[in-house]
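J.: Sharing entry24.csv (CSV, C-alpha atoms) below.
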```csv
chain,number,residue,atom,x,y,z
A,1,MET,CA,142.9,115.6,126.9
A,2,PRO,CA,144.4,117.8,124.2
A,3,THR,CA,146.1,121.0,125.3
A,4,LEU,CA,146.9,124.1,123.3
A,5,ASP,CA,149.9,126.3,123.9
A,6,ARG,CA,151.4,129.1,122.0
A,7,HIS,CA,155.1,129.6,121.3
A,8,ASP,CA,155.7,133.0,119.7
A,9,ASN,CA,153.6,132.7,116.5
A,10,VAL,CA,153.2,128.9,116.5
A,11,PHE,CA,150.3,127.2,118.3
A,12,VAL,CA,151.2,123.7,119.5
A,13,LEU,CA,148.2,121.4,120.1
A,14,ASP,CA,149.3,118.3,122.1
A,15,LEU,CA,146.8,115.6,121.4
A,16,GLY,CA,147.6,113.6,124.5
A,17,ASP,CA,149.8,110.7,125.7
A,18,GLY,CA,147.4,107.8,125.1
A,19,GLU,CA,146.0,106.3,121.9
A,20,ASN,CA,144.3,109.7,121.3
A,21,ARG,CA,141.2,108.1,119.9
A,22,PHE,CA,138.3,110.3,118.8
A,23,HIS,CA,136.1,110.2,121.9
A,24,PRO,CA,133.4,112.9,121.6
A,25,ASP,CA,135.0,114.9,124.4
A,26,TRP,CA,138.4,114.7,122.6
A,27,LEU,CA,136.7,115.9,119.4
A,28,ALA,CA,135.2,118.8,121.2
A,29,SER,CA,138.5,119.8,122.8
A,30,VAL,CA,140.3,119.7,119.4
A,31,ASP,CA,137.5,121.6,117.8
A,32,ALA,CA,137.7,124.3,120.4
A,33,ALA,CA,141.5,124.6,119.9
A,34,LEU,CA,141.1,124.9,116.2
A,35,GLU,CA,138.5,127.7,116.8
A,36,GLU,CA,141.0,129.5,119.0
A,37,VAL,CA,143.7,129.3,116.3
A,38,GLU,CA,141.2,130.3,113.6
A,39,LYS,CA,140.0,133.4,115.5
A,40,ALA,CA,143.5,134.6,116.6
A,41,GLU,CA,144.8,137.6,114.8
A,42,GLY,CA,148.2,138.3,113.2
A,43,PRO,CA,150.9,135.8,112.1
A,44,ARG,CA,150.2,132.3,113.3
A,45,ALA,CA,150.5,128.6,112.4
A,46,LEU,CA,149.5,125.4,114.0
A,47,VAL,CA,151.5,122.2,114.9
A,48,THR,CA,149.7,119.2,116.3
A,49,ALA,CA,151.8,116.7,118.2
A,50,ALA,CA,151.5,114.0,120.8
A,51,THR,CA,153.6,112.1,123.3
A,52,GLY,CA,154.2,108.4,123.8
A,53,LYS,CA,153.6,105.5,121.4
A,54,PHE,CA,150.7,107.0,119.4
A,55,TYR,CA,149.9,110.1,117.5
A,56,SER,CA,146.4,108.9,117.0
A,57,ASN,CA,144.6,105.6,116.6
A,58,GLY,CA,141.5,107.2,115.1
A,59,LEU,CA,137.9,106.5,115.9
A,60,ASP,CA,136.9,105.5,119.4
A,61,LEU,CA,135.3,102.2,118.4
A,62,ASP,CA,134.5,101.2,122.0
A,63,TRP,CA,132.5,104.4,122.5
A,64,LEU,CA,130.9,104.0,119.0
A,65,PHE,CA,129.8,100.3,119.6
A,66,ALA,CA,128.3,101.4,123.0
A,67,HIS,CA,126.4,104.3,121.4
A,68,SER,CA,125.3,102.7,118.1
A,69,ASP,CA,122.3,105.0,118.0
A,70,ARG,CA,124.6,108.0,117.6
A,71,HIS,CA,126.7,106.5,114.8
A,72,ARG,CA,125.6,109.1,112.2
A,73,ASP,CA,126.1,112.1,114.4
A,74,TYR,CA,129.5,110.8,115.4
A,75,VAL,CA,130.6,110.5,111.8
A,76,VAL,CA,129.3,114.0,111.1
A,77,SER,CA,131.4,115.4,113.9
A,78,VAL,CA,134.6,113.6,112.7
A,79,HIS,CA,134.0,114.8,109.1
A,80,GLU,CA,133.6,118.4,110.4
A,81,LEU,CA,136.9,118.1,112.3
A,82,PHE,CA,138.6,117.1,109.1
A,83,ALA,CA,136.9,119.9,107.1
A,84,ARG,CA,137.8,122.5,109.7
A,85,LEU,CA,141.4,121.5,109.8
A,86,LEU,CA,141.7,121.2,106.0
A,87,SER,CA,140.3,124.7,105.5
A,88,LEU,CA,141.9,126.4,108.5
A,89,PRO,CA,143.2,129.9,107.5
A,90,ALA,CA,146.7,129.1,108.8
A,91,ILE,CA,149.4,126.7,107.9
A,92,THR,CA,149.1,123.4,109.8
A,93,VAL,CA,151.8,120.8,110.4
A,94,ALA,CA,151.4,117.3,112.0
A,95,ALA,CA,154.3,116.0,114.0
A,96,LEU,CA,153.9,112.2,113.9
A,97,GLN,CA,156.1,110.8,116.7
A,98,GLY,CA,154.2,107.5,116.9
A,99,HIS,CA,151.7,105.2,115.3
A,100,THR,CA,149.2,107.1,113.1
A,101,PHE,CA,146.3,104.8,112.1
A,102,ALA,CA,142.9,104.9,110.4
A,103,ALA,CA,141.0,108.2,111.2
A,104,GLY,CA,144.2,109.4,112.9
A,105,ALA,CA,146.0,109.0,109.6
A,106,MET,CA,143.2,110.9,107.8
A,107,PHE,CA,143.4,113.6,110.5
A,108,SER,CA,147.1,113.9,109.6
A,109,LEU,CA,146.3,114.2,105.9
A,110,ALA,CA,144.0,117.2,106.7
A,111,HIS,CA,147.2,119.1,107.7
A,112,ASP,CA,149.2,121.1,105.1
A,113,PHE,CA,152.4,119.3,106.0
A,114,ARG,CA,153.5,116.2,107.9
A,115,VAL,CA,156.7,115.3,109.7
A,116,MET,CA,157.2,111.7,110.8
A,117,ARG,CA,159.7,109.8,112.9
A,118,ALA,CA,162.0,107.9,110.6
A,119,ASP,CA,162.9,104.8,112.6
A,120,ARG,CA,159.8,103.7,114.4
A,121,GLY,CA,156.1,104.0,114.2
A,122,TYR,CA,153.7,103.3,111.3
A,123,TRP,CA,151.2,105.4,109.2
A,124,CYS,CA,148.4,103.1,108.1
A,125,LEU,CA,144.8,103.1,106.7
A,126,PRO,CA,143.7,99.6,108.0
A,127,GLU,CA,140.1,99.8,107.0
A,128,ALA,CA,140.4,97.0,104.4
A,129,ASP,CA,141.7,94.7,107.1
A,130,ILE,CA,139.2,95.6,109.8
A,131,ASN,CA,136.1,95.6,107.5
A,132,ILE,CA,135.2,99.2,107.9
A,133,PRO,CA,134.6,101.0,104.6
A,134,PHE,CA,135.7,104.6,104.1
A,135,THR,CA,132.9,107.1,104.1
A,136,PRO,CA,132.6,109.3,101.0
A,137,GLY,CA,134.1,112.2,102.9
A,138,MET,CA,137.1,110.1,104.1
A,139,SER,CA,137.7,108.7,100.6
A,140,ALA,CA,137.6,112.2,99.1
A,141,LEU,CA,140.1,113.5,101.7
A,142,ILE,CA,142.6,110.7,101.2
A,143,GLN,CA,142.5,110.9,97.5
A,144,ALA,CA,142.9,114.6,97.5
A,145,ARG,CA,145.9,114.6,99.7
A,146,LEU,CA,147.8,111.5,98.3
A,147,THR,CA,148.9,110.7,94.8
A,148,PRO,CA,146.6,108.2,93.0
A,149,ARG,CA,149.1,105.4,93.2
A,150,THR,CA,149.8,105.9,97.0
A,151,ALA,CA,146.1,106.4,97.7
A,152,HIS,CA,145.3,103.2,95.8
A,153,GLU,CA,147.9,101.2,97.7
A,154,ALA,CA,147.2,102.6,101.1
A,155,MET,CA,143.4,102.2,100.9
A,156,LEU,CA,143.2,98.8,99.3
A,157,THR,CA,146.2,97.0,100.9
A,158,ALA,CA,146.2,98.6,104.4
A,159,ARG,CA,150.0,98.9,104.0
A,160,ARG,CA,151.9,100.1,107.1
A,161,TYR,CA,154.3,102.8,106.1
A,162,GLY,CA,157.4,103.4,108.2
A,163,GLY,CA,158.8,107.0,108.2
A,164,THR,CA,161.2,106.7,105.4
A,165,GLU,CA,158.7,104.7,103.3
A,166,ALA,CA,156.0,107.3,104.0
A,167,GLU,CA,158.3,110.1,102.9
A,168,ALA,CA,159.2,108.2,99.7
A,169,ALA,CA,155.5,107.7,98.9
A,170,GLY,CA,154.6,111.3,99.6
A,171,VAL,CA,152.5,110.4,102.7
A,172,VAL,CA,154.7,112.7,104.8
A,173,ASP,CA,157.0,115.6,103.8
A,174,ARG,CA,159.9,114.8,106.1
A,175,ALA,CA,161.1,111.8,108.0
A,176,VAL,CA,163.5,112.7,110.8
A,177,ASP,CA,164.9,111.2,114.0
A,178,GLU,CA,162.7,111.0,117.1
A,179,GLU,CA,164.2,114.1,118.9
A,180,SER,CA,163.6,116.3,115.8
A,181,VAL,CA,160.0,115.5,115.0
A,182,ARG,CA,158.3,118.2,116.9
A,183,ALA,CA,161.1,120.8,116.4
A,184,THR,CA,161.1,120.2,112.6
A,185,ALA,CA,157.3,120.6,112.5
A,186,VAL,CA,157.6,123.9,114.5
A,187,GLU,CA,160.3,125.1,112.1
A,188,ILE,CA,158.2,124.4,109.1
A,189,ALA,CA,155.2,126.2,110.7
A,190,GLN,CA,157.3,129.2,111.9
A,191,ALA,CA,158.5,129.8,108.3
A,192,GLN,CA,154.9,130.2,107.1
A,193,VAL,CA,153.2,132.2,109.9
A,194,ASN,CA,152.8,135.3,107.7
A,195,LYS,CA,150.5,133.3,105.4
A,196,ALA,CA,147.7,133.2,107.9
A,197,GLY,CA,144.5,135.0,107.2
A,198,ASP,CA,141.5,135.3,104.9
A,199,THR,CA,143.5,134.9,101.6
A,200,LEU,CA,145.0,131.6,102.7
A,201,GLY,CA,141.5,130.4,103.9
A,202,THR,CA,140.0,131.3,100.6
A,203,ILE,CA,142.8,129.5,98.7
A,204,LYS,CA,142.2,126.3,100.8
A,205,ALA,CA,138.4,126.5,100.5
A,206,ARG,CA,138.7,126.8,96.7
A,207,MET,CA,141.5,124.2,96.3
A,208,TYR,CA,139.5,121.6,98.3
A,209,ALA,CA,136.0,122.7,97.5
A,210,PRO,CA,134.8,119.2,96.4
A,211,VAL,CA,136.3,117.5,99.4
A,212,LEU,CA,134.9,120.0,101.8
A,213,ALA,CA,131.5,119.7,100.3
A,214,THR,CA,131.6,115.9,100.7
A,215,LEU,CA,132.8,116.1,104.2
A,216,ARG,CA,130.1,118.6,105.1
A,217,ASP,CA,127.3,116.6,103.6
A,218,THR,CA,125.2,115.9,106.7
A,219,ALA,CA,122.3,114.5,104.7
A,220,ASN,CA,124.2,111.3,103.7
A,221,PRO,CA,127.5,111.2,105.5
A,222,LEU,CA,127.8,107.4,105.4
A,223,GLY,CA,127.1,107.0,101.7
```
Re-express the file's structure as structure tokens.

T.:
Amino acid sequence: MPTLDRHDNVFVLDLGDGENRFHPDWLASVDAALEEVEKAEGPRALVTAATGKFYSNGLDLDWLFAHSDRHRDYVVSVHELFARLLSLPAITVAALQGHTFAAGAMFSLAHDFRVMRADRGYWCLPEADINIPFTPGMSALIQARLTPRTAHEAMLTARRYGGTEAEAAGVVDRAVDEESVRATAVEIAQAQVNKAGDTLGTIKARMYAPVLATLRDTANPLG
């Protein structure tokens, strides 16, 4: 399960060492960590990271197929996670040391910055290949955080971006060697810890107001 540690003014949320799929218990754990960061006082920033082959493989499809009667509520909880991270009143940085797929890729886009391993691992939105359409909230998030050209390619072709390709396309901000992924993310976060607070939260809320409204539409989350 995810664990939250604090190193000086930077919180580091380790998502786990497996596929880090969005099981309801995993979602609840990450949400609790974000709440702790949100409620903390003083300078702070957040880095999310993982260990092993994956950063996150996204939705827990096995759980979802076994609980089809809870499909809508599950999607609402995923949307709320994206919205909370996107509007968090502190700078957030995703350290992508491994594969980052589907909702895991969307989760990374909800961060302010992304650092990815240059030589191995892929960032991918595979929905067109696996016949799962993006929800309105997911589409809004992706299109708000990527250039139109990159969003179009990523969403329609399910392209797998390696680290250097992802940096060139603007999917990530930095592509570095494996040993530097987490350290670089912490360095970026540490440089911005004094931005945390209500003003930053208001800037994010206004900057992404249409996206947040779509993500928080509980009446029709599936479109």

J.: Of the residues A:Glu35, A:Asp177, A:Asp129, A:Asp5, which is the one nearest to Thr164 (chain A), using all atoms listed in the file?

T.: A:Asp177

J.: Excluding Leu61 (chain A) and any residue of its chain fewer than 2 positions from it, enumerate the residues within 9 Å of it, using all atoms listed in the file, and give them as an MDAnalysis selection string.

T.: chainID A and resid 21:23 58:59 63:66

J.: With all atoms listed in the file as the counted atoms, please give the residues lying no more than 12 Å from Met116 (chain A), apart from itself and same-chain residues fewer than 2 positions off, as a PyMOL selection string.

T.: chain A and resi 48-50+54-55+93-100+105+108+113-114+118-123+161-168+170-185

J.: Restricting the calculation to all atoms listed in the file, which member of A:Ile132, A:Leu46, A:Thr214, A:Ala158 is positioned closest to His111 (chain A)?

T.: A:Leu46

J.: Tell me which of A:Ile130, A:Ala209, A:Leu13, A:Phe107 sits closest to Ala32 (chain A), counting all atoms listed in the file.

T.: A:Leu13

J.: So what do you get for CA of Asp14 (chain A) versus CA of Thr51 (chain A), distance-wise?

T.: 7.6 Å

J.: State, in Å with one decimal place, the distance from CA of Met207 (chain A) to CA of Arg149 (chain A).

T.: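 We find that CA of Met207 (chain A) and CA of Arg149 (chain A) lie 20.5 Å from each other.
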
J.: Considering only C-alpha atoms, can you say which of A:Ser68, A:Ser77, A:Gln190, A:Thr157 comes closest to Val12 (chain A)?

T.: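 Checking each candidate against Val12 (chain A), we get A:Gln190 as the closest.
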
J.: Nearest to Ala151 (chain A): which of A:Asn57, A:Thr202, A:Ser139, A:Asn9 is it, counting only C-alpha atoms?

T.: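 Of all the options, A:Ser139 lies closest to Ala151 (chain A).
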
J.: Do you have the CA of Gly42 (chain A)-CA of Met1 (chain A) distance handy?

T.: 27.0 Å

J.: Would you mind listing what lies within 12 Å of His152 (chain A) as a PyMOL selection string, with only C-alpha atoms counted and same-chain residues fewer than 2 positions away left out?

T.: chain A and resi 125+128+139+142-144+146-150+154-159+169

J.: Rank nothing, just name the residue among A:Ala205, A:Ala140, A:Val186, A:Val193 nearest to Arg44 (chain A), using all atoms listed in the file.

T.: A:Val193

J.: Excluding Tyr208 (chain A) and residues on its chain fewer than 2 positions from it, collect all residues at most 9 Å away from it, counting all atoms listed in the file, and give them as a list in words.

T.: Leu86, Ser87, Leu141, Ala144, Ile203, Lys204, Ala205, Arg206, Pro210, Val211, Leu212 and Ala213 of chain A

J.: Compute the distance from (127.4, 111.0, 104.9) to each atom, counting only C-alpha atoms, keep the residues with any atom at most 9 Å away, and return them as JSON, numbers by chain; use the coordinates of the file.

T.: {"A": [72, 75, 76, 79, 135, 136, 137, 214, 215, 216, 217, 218, 219, 220, 221, 222, 223]}
